[in-house]
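Q: Input structure: model_28.csv, which contains CSV, C-alpha atoms and all ligand atoms.
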```csv
chain,number,residue,atom,x,y,z
J,1,MET,CA,-4.0,-41.2,48.4
J,2,PRO,CA,-1.5,-44.0,48.9
J,3,ALA,CA,-2.6,-46.7,51.3
J,4,LYS,CA,-1.0,-46.7,54.7
J,5,SER,CA,0.2,-49.8,56.4
J,6,SER,CA,-2.0,-50.7,59.4
J,7,SER,CA,1.1,-51.9,61.4
J,8,THR,CA,3.5,-49.0,60.8
J,9,GLY,CA,1.3,-46.1,59.7
J,10,LEU,CA,3.7,-45.5,56.8
J,11,THR,CA,3.0,-45.4,53.1
J,12,GLU,CA,5.0,-47.5,50.8
J,13,SER,CA,6.9,-44.4,49.5
J,14,ASP,CA,7.6,-43.2,53.1
J,15,ARG,CA,9.2,-46.5,53.8
J,16,ASN,CA,11.3,-46.4,50.6
J,17,ASP,CA,12.5,-43.0,51.4
J,18,MET,CA,13.4,-43.8,55.0
J,19,GLU,CA,15.1,-47.1,54.1
J,20,PRO,CA,18.8,-46.2,54.3
J,21,GLU,CA,18.1,-44.4,57.6
J,22,PHE,CA,16.2,-47.4,58.9
J,23,TRP,CA,19.3,-49.6,58.3
J,24,HIS,CA,21.7,-47.1,59.8
J,25,GLU,CA,19.6,-47.1,62.9
J,26,ARG,CA,19.4,-50.9,63.1
J,27,TRP,CA,23.2,-51.1,63.0
J,28,ALA,CA,23.7,-48.2,65.4
J,29,LEU,CA,21.3,-49.8,67.9
J,30,GLY,CA,22.8,-53.3,67.4
J,31,GLU,CA,19.4,-54.6,66.2
J,32,THR,CA,21.0,-57.1,63.9
J,33,GLY,CA,19.1,-60.3,64.7
J,34,PHE,CA,19.5,-61.3,61.0
J,35,HIS,CA,23.3,-61.7,61.5
J,36,GLN,CA,24.3,-65.4,61.7
J,37,LEU,CA,27.3,-66.6,63.6
J,38,GLU,CA,27.2,-70.0,61.9
J,39,PHE,CA,27.9,-70.4,58.2
J,40,ASN,CA,24.6,-70.7,56.4
J,41,VAL,CA,23.6,-74.4,55.9
J,42,HIS,CA,21.8,-73.8,52.6
J,43,MET,CA,24.8,-71.9,51.1
J,44,GLN,CA,27.0,-74.9,52.0
J,45,ALA,CA,24.5,-77.4,50.6
J,46,PHE,CA,23.8,-75.7,47.3
J,47,ILE,CA,26.9,-73.6,46.4
J,48,ASP,CA,28.1,-76.3,44.0
J,49,ARG,CA,24.9,-75.9,42.0
J,50,LEU,CA,26.1,-72.5,41.0
J,51,GLY,CA,28.7,-74.1,38.6
J,52,VAL,CA,31.5,-72.0,40.0
J,53,HIS,CA,35.1,-72.9,40.8
J,54,ALA,CA,37.9,-71.6,42.9
J,55,GLY,CA,39.1,-68.3,41.5
J,56,ASP,CA,35.6,-67.3,40.3
J,57,HIS,CA,33.9,-64.1,41.6
J,58,ILE,CA,30.8,-64.3,43.8
J,59,PHE,CA,28.8,-61.1,44.3
J,60,VAL,CA,27.0,-60.7,47.7
J,61,PRO,CA,24.5,-57.8,47.5
J,62,LEU,CA,23.5,-56.1,50.7
J,63,CYS,CA,26.1,-58.2,52.5
J,64,GLY,CA,25.9,-56.8,56.0
J,65,LYS,CA,28.8,-58.3,58.0
J,66,SER,CA,27.9,-61.8,56.8
J,67,ARG,CA,30.4,-64.4,57.9
J,68,ASP,CA,29.3,-66.4,54.9
J,69,MET,CA,31.8,-64.3,52.9
J,70,LEU,CA,34.6,-65.8,55.0
J,71,TRP,CA,33.4,-69.3,54.1
J,72,LEU,CA,33.3,-68.4,50.4
J,73,LEU,CA,36.8,-67.0,50.6
J,74,GLY,CA,37.9,-70.2,52.3
J,75,ARG,CA,36.5,-72.1,49.3
J,76,GLY,CA,38.9,-70.1,47.1
J,77,PHE,CA,36.4,-67.7,45.6
J,78,HIS,CA,36.9,-63.9,45.1
J,79,VAL,CA,34.1,-62.2,47.0
J,80,CYS,CA,32.6,-58.8,46.3
J,81,GLY,CA,30.0,-57.4,48.6
J,82,ILE,CA,28.0,-54.1,48.7
J,83,GLU,CA,26.6,-52.8,51.9
J,84,ILE,CA,25.2,-49.4,52.8
J,85,SER,CA,26.2,-49.3,56.4
J,86,ARG,CA,29.8,-48.3,57.1
J,87,GLN,CA,29.5,-49.6,60.6
J,88,ALA,CA,28.6,-53.1,59.3
J,89,VAL,CA,31.6,-53.1,57.0
J,90,GLU,CA,34.0,-51.9,59.7
J,91,ASP,CA,32.5,-54.4,62.1
J,92,PHE,CA,33.1,-57.2,59.6
J,93,PHE,CA,36.8,-56.4,59.3
J,94,SER,CA,37.4,-55.8,63.0
J,95,GLU,CA,35.4,-58.8,64.2
J,96,ASN,CA,37.4,-61.0,61.9
J,97,GLN,CA,40.8,-59.5,62.7
J,98,LEU,CA,41.3,-58.3,59.1
J,99,ASN,CA,42.9,-55.0,58.3
J,100,PRO,CA,41.5,-53.7,55.0
J,101,ARG,CA,42.9,-51.2,52.6
J,102,VAL,CA,40.3,-48.3,52.4
J,103,ASP,CA,39.8,-46.3,49.2
J,104,GLU,CA,37.4,-43.4,48.9
J,105,LEU,CA,35.6,-43.4,45.6
J,106,PRO,CA,33.2,-40.8,44.3
J,107,ASP,CA,30.1,-42.8,45.2
J,108,ALA,CA,31.5,-45.5,47.5
J,109,VAL,CA,34.2,-46.5,50.0
J,110,LEU,CA,36.0,-49.6,49.0
J,111,PHE,CA,37.3,-51.9,51.8
J,112,ALA,CA,39.7,-54.5,50.3
J,113,HIS,CA,41.6,-57.4,51.8
J,114,GLY,CA,43.0,-60.3,49.8
J,115,ASN,CA,40.3,-61.7,47.6
J,116,LEU,CA,37.6,-59.7,49.3
J,117,ASP,CA,36.2,-56.3,48.2
J,118,ILE,CA,33.3,-54.7,50.1
J,119,TYR,CA,31.9,-51.5,48.7
J,120,CYS,CA,30.2,-49.4,51.2
J,121,ALA,CA,27.5,-47.8,49.1
J,122,ASP,CA,23.8,-47.7,48.2
J,123,PHE,CA,23.2,-50.6,45.8
J,124,PHE,CA,20.4,-48.5,44.2
J,125,LYS,CA,22.7,-45.5,43.5
J,126,ALA,CA,26.3,-46.7,43.2
J,127,ASP,CA,28.0,-47.6,39.9
J,128,SER,CA,27.8,-51.4,40.3
J,129,SER,CA,29.8,-52.1,37.2
J,130,ARG,CA,32.8,-51.8,39.5
J,131,MET,CA,31.7,-55.2,41.0
J,132,LEU,CA,32.5,-57.0,37.7
J,133,PRO,CA,33.5,-59.6,36.9
J,134,ILE,CA,30.6,-61.6,38.5
J,135,HIS,CA,30.4,-65.3,38.0
J,136,ALA,CA,27.6,-66.0,40.5
J,137,VAL,CA,25.4,-64.2,43.1
J,138,TYR,CA,24.6,-65.2,46.7
J,139,ASP,CA,21.5,-63.5,48.2
J,140,ARG,CA,20.7,-64.4,51.7
J,141,ALA,CA,18.4,-61.9,53.6
J,142,SER,CA,18.9,-59.3,50.9
J,143,LEU,CA,15.8,-59.5,48.7
J,144,VAL,CA,13.7,-60.2,51.7
J,145,ALA,CA,15.2,-57.1,53.4
J,146,LEU,CA,13.5,-54.9,50.8
J,147,PRO,CA,9.9,-53.5,50.9
J,148,PRO,CA,7.7,-54.7,48.1
J,149,ALA,CA,8.1,-51.6,45.9
J,150,LYS,CA,11.9,-51.9,45.9
J,151,ARG,CA,12.2,-55.6,45.0
J,152,GLY,CA,11.5,-55.2,41.3
J,153,ILE,CA,14.1,-52.4,41.0
J,154,TYR,CA,16.6,-54.6,42.9
J,155,VAL,CA,16.0,-57.5,40.5
J,156,GLU,CA,16.3,-55.2,37.4
J,157,LEU,CA,19.6,-53.7,38.7
J,158,LEU,CA,21.0,-57.1,39.5
J,159,THR,CA,20.0,-58.6,36.2
J,160,ASP,CA,21.3,-55.8,34.2
J,161,LEU,CA,24.7,-56.1,36.0
J,162,ILE,CA,25.4,-59.8,35.6
J,163,PRO,CA,26.2,-61.7,32.4
J,164,ASP,CA,23.8,-64.0,30.7
J,165,ARG,CA,23.6,-67.5,32.2
J,166,THR,CA,25.0,-66.3,35.6
J,167,ARG,CA,23.5,-68.3,38.4
J,168,CYS,CA,22.2,-66.9,41.7
J,169,LEU,CA,21.6,-68.7,45.0
J,170,LEU,CA,18.6,-67.0,46.5
J,171,LEU,CA,17.3,-67.7,50.0
J,172,THR,CA,13.9,-66.4,50.9
J,173,CYS,CA,11.4,-66.7,53.7
J,174,ASP,CA,7.6,-66.9,53.5
J,175,TYR,CA,5.3,-66.3,56.5
J,176,PRO,CA,1.8,-64.7,57.1
J,177,GLN,CA,2.9,-61.1,56.6
J,178,GLN,CA,0.0,-59.8,58.7
J,179,GLU,CA,1.5,-61.5,61.8
J,180,MET,CA,4.8,-59.5,61.7
J,181,SER,CA,6.0,-56.4,60.0
J,182,GLY,CA,9.3,-56.9,58.1
J,183,PRO,CA,12.1,-56.9,57.5
J,184,PRO,CA,12.6,-59.7,56.9
J,185,PHE,CA,9.6,-59.5,54.6
J,186,SER,CA,7.7,-62.5,53.4
J,187,VAL,CA,8.5,-63.2,49.8
J,188,THR,CA,6.5,-66.2,48.5
J,189,PRO,CA,7.7,-68.6,45.8
J,190,VAL,CA,4.9,-67.1,43.7
J,191,GLU,CA,6.5,-63.6,44.0
J,192,VAL,CA,9.9,-65.1,43.3
J,193,ASN,CA,8.4,-66.4,40.0
J,194,GLN,CA,6.8,-63.0,39.3
J,195,LEU,CA,10.1,-61.1,40.0
J,196,PHE,CA,12.6,-63.4,38.3
J,197,GLY,CA,10.5,-65.5,35.9
J,198,PRO,CA,10.7,-63.1,32.9
J,199,ARG,CA,14.5,-63.1,32.9
J,200,TYR,CA,15.6,-66.2,34.7
J,201,LEU,CA,15.2,-70.0,34.7
J,202,ILE,CA,14.1,-70.8,38.2
J,203,ASP,CA,14.8,-74.0,40.1
J,204,HIS,CA,13.1,-74.2,43.5
J,205,VAL,CA,15.5,-76.6,45.1
J,206,HIS,CA,14.5,-76.7,48.7
J,207,SER,CA,11.8,-75.7,51.2
J,208,GLN,CA,11.6,-76.2,54.9
J,209,ASP,CA,9.5,-75.3,57.9
J,210,ALA,CA,12.0,-73.2,59.9
J,211,LEU,CA,9.9,-71.8,62.7
J,212,VAL,CA,11.5,-74.2,65.2
J,213,ASN,CA,14.9,-72.6,64.4
J,214,GLU,CA,13.6,-69.0,64.8
J,215,PRO,CA,12.7,-68.3,68.5
J,216,ARG,CA,12.8,-64.6,67.8
J,217,PHE,CA,9.9,-64.9,65.3
J,218,ARG,CA,8.0,-67.4,67.4
J,219,GLN,CA,8.1,-64.8,70.2
J,220,LYS,CA,6.7,-62.2,67.8
J,221,GLY,CA,3.7,-64.5,67.3
J,222,LEU,CA,4.5,-66.1,64.0
J,223,THR,CA,2.5,-69.3,63.3
J,224,ARG,CA,4.5,-70.3,60.2
J,225,PHE,CA,7.9,-69.5,58.9
J,226,ASP,CA,9.1,-71.3,55.8
J,227,GLU,CA,12.5,-71.0,54.1
J,228,HIS,CA,13.0,-71.5,50.4
J,229,VAL,CA,16.1,-72.0,48.3
J,230,PHE,CA,16.2,-71.2,44.6
J,231,ILE,CA,18.9,-71.6,42.0
J,232,LEU,CA,18.2,-68.9,39.4
J,233,GLN,CA,19.9,-68.7,36.0
J,234,LYS,CA,19.8,-65.6,33.9
J,235,LYS,CA,18.4,-66.5,30.5
J,236,GLY,CA,20.9,-66.2,27.7
G,301,LIG,C1,18.8,-58.2,56.6
G,301,LIG,S1,20.4,-57.6,56.4
G,301,LIG,C2,21.2,-59.0,55.6
G,301,LIG,C3,22.7,-58.9,55.6
G,301,LIG,C4,23.4,-60.1,55.0
G,301,LIG,N1,23.0,-60.4,53.6
G,301,LIG,C5,23.3,-61.3,55.9
G,301,LIG,O1,23.0,-62.4,55.4
G,301,LIG,O2,23.7,-61.1,57.1
G,301,LIG,C6,20.2,-56.5,55.0
G,301,LIG,C7,21.4,-55.6,54.8
G,301,LIG,O3,21.2,-54.8,53.7
G,301,LIG,C8,21.8,-53.5,53.9
G,301,LIG,N2,21.2,-52.6,53.0
G,301,LIG,C9,19.9,-52.2,53.0
G,301,LIG,N3,19.6,-51.4,52.0
G,301,LIG,C10,20.8,-51.3,51.2
G,301,LIG,C11,21.2,-50.6,50.0
G,301,LIG,N4,20.3,-49.8,49.4
G,301,LIG,N5,22.4,-50.8,49.6
G,301,LIG,C12,23.3,-51.6,50.2
G,301,LIG,N6,23.0,-52.2,51.4
G,301,LIG,C13,21.8,-52.1,51.9
G,301,LIG,C14,21.5,-53.3,55.4
G,301,LIG,O4,22.4,-52.3,56.0
G,301,LIG,C15,21.7,-54.7,56.0
G,301,LIG,O5,23.0,-54.9,56.4
```
Starting from the file, lay out its structure as structure tokens.
Ligand SMILES: C[S@@+](CC[C@H](N)C(=O)[O-])C[C@H]1O[C@@H](n2cnc3c(N)ncnc32)[C@H](O)[C@@H]1O
A:
Amino acid sequence: MPAKSSSTGLTESDRNDMEPEFWHERWALGETGFHQLEFNVHMQAFIDRLGVHAGDHIFVPLCGKSRDMLWLLGRGFHVCGIEISRQAVEDFFSENQLNPRVDELPDAVLFAHGNLDIYCADFFKADSSRMLPIHAVYDRASLVALPPAKRGIYVELLTDLIPDRTRCLLLTCDYPQQEMSGPPFSVTPVEVNQLFGPRYLIDHVHSQDALVNEPRFRQKGLTRFDEHVFILQKKG
């Protein structure tokens, strides 16, 4: 019998099955505390470590309506996101006064505007080869949005998609998981090494105690909340 989580009463496989529905509900209810109005400081600090230049293509998996995509476009990159919630994608364009071209594809809906393509689709099911070319990856609040059993599959899909030596900017958070049920889930640096180590060179470039910046997590009783920044490079 699979173990049930004491906090939610759900088994791991229950959680996996309900996951798209879970996210549709978050968006419908406006429970999107993860969305940042400010451009991410770690992205701005470490983007140059990805070795990319204007005109290169940045892939943003599980992109939500992240305004970081605007910042990347402003730096001259092409941006390609994938996001399961149509509401998130539509909100992104309307909130930023952009009028996208919309194309219905067999397993996705493509919203395109200038150098930005956002595919509304399930990353675990869609044909991601459409996202190519990819010169770098930006993951903020994406890996940590996934329950443990899905993280390995996510890493495998991502790794199979991108060319050798592609770099990824990965932001994670790490906190006592028993103090709060995710998402965001706690993904420790040890787990990052387990997930990515076999196929990536890993540079753990920054860590900080971020509890002071996260009142919503302090209110939930968290006693520690650390942020970590990694530059990963797929082995050649
Ligand atoms: C915590 S949010 C982070 C969004 C964005 N990366 C940001 O920084 O604001 C996670 C996002 O992943 C999306 N998502 C979850 N599962 C997905 C899947 N299987 N395929 C595509 N998007 C997914 C959710 O709808 C949600 O918008």
Q: What residues have any atom no more than 6 Å from ligand LIG 301 (chain G) when counting all atoms listed in the file, and can you list them as a ChimeraX atom specification?
A: /J:20,23,34-35,62-66,82-85,121-124,140-142,145
Q: In Å, rounded to a single decimal, give me how far CA of Asn99 in chain J is from CA of Val79 in chain J.
A: 16.0 Å
Q: Taking 6 positions as the minimum chain separation for residues in the same chain, which residues sit within 10 Å of Phe217 in chain J when counting all atoms listed in the file? Answer as an MDAnalysis selection string.
A: chainID J and resid 179:180 211 223:225
Q: Rank nothing, just name the residue among J:Glu21, J:Asp117, J:Glu214, J:Asp139 nearest to His42 in chain J, using only C-alpha atoms.
A: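 Selected residue with least distance to His42 in chain J: J:Asp139.
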Q: For a test of reading the model, state the distance in Å between CA of Tyr138 in chain J and CA of His24 in chain J, rounded to one decimal.
A: 22.5 Å
Q: Calculate how many Å separate CA of Ser207 in chain J from CA of Gly152 in chain J, rounding to one decimal.
A: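 Answer for the CA of Ser207 in chain J to CA of Gly152 in chain J separation: 22.8 Å.
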Q: If we count only C-alpha atoms, what is near Glu191 in chain J at a cut-off of 10 Å, once residues fewer than 6 positions away on the same chain are taken out, given as a ChimeraX atom specification?
A: /J:148,151,197
Q: Quick one: contact table of range 80-123 of chain J to range 47-57 of chain J, 10 Å max, nearest atom pair and distance in Å to one decimal per residue, counting only C-alpha atoms, chain and number order, as a tab-separated table?
A:
```
residue	atom	partner	partner_atom	distance
J:Cys80	CA	J:His57	CA	7.2
J:Asn115	CA	J:Gly55	CA	9.1
J:Leu116	CA	J:His57	CA	9.6
```
Q: Which neighbours of Asp174 in chain J fall inside 7 Å, counting all atoms listed in the file, when residues of the same chain fewer than 4 positions from it are skipped, and could you give them as a PyMOL selection string?
A: chain J and resi 186-188+225-227
Q: Could the residues in this selection be saved with C-alpha atoms as a short mmCIF file (atom, residue, chain, number, x, y, z; two decimals), in the frame of the given file?
A:
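Final output, saved to selection-v2.cif:
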```cif
data_model
loop_
_atom_site.label_atom_id
_atom_site.label_comp_id
_atom_site.auth_asym_id
_atom_site.auth_seq_id
_atom_site.Cartn_x
_atom_site.Cartn_y
_atom_site.Cartn_z
CA SER J 186 7.70 -62.50 53.40
CA VAL J 187 8.50 -63.20 49.80
CA THR J 188 6.50 -66.20 48.50
CA PHE J 225 7.90 -69.50 58.90
CA ASP J 226 9.10 -71.30 55.80
CA GLU J 227 12.50 -71.00 54.10
#
```
Q: I need the residue nearest Ala88 in chain J from this list: J:Arg216, J:Lys125, J:Arg165, J:Arg26. Use only C-alpha atoms for the distance.
A: J:Arg26
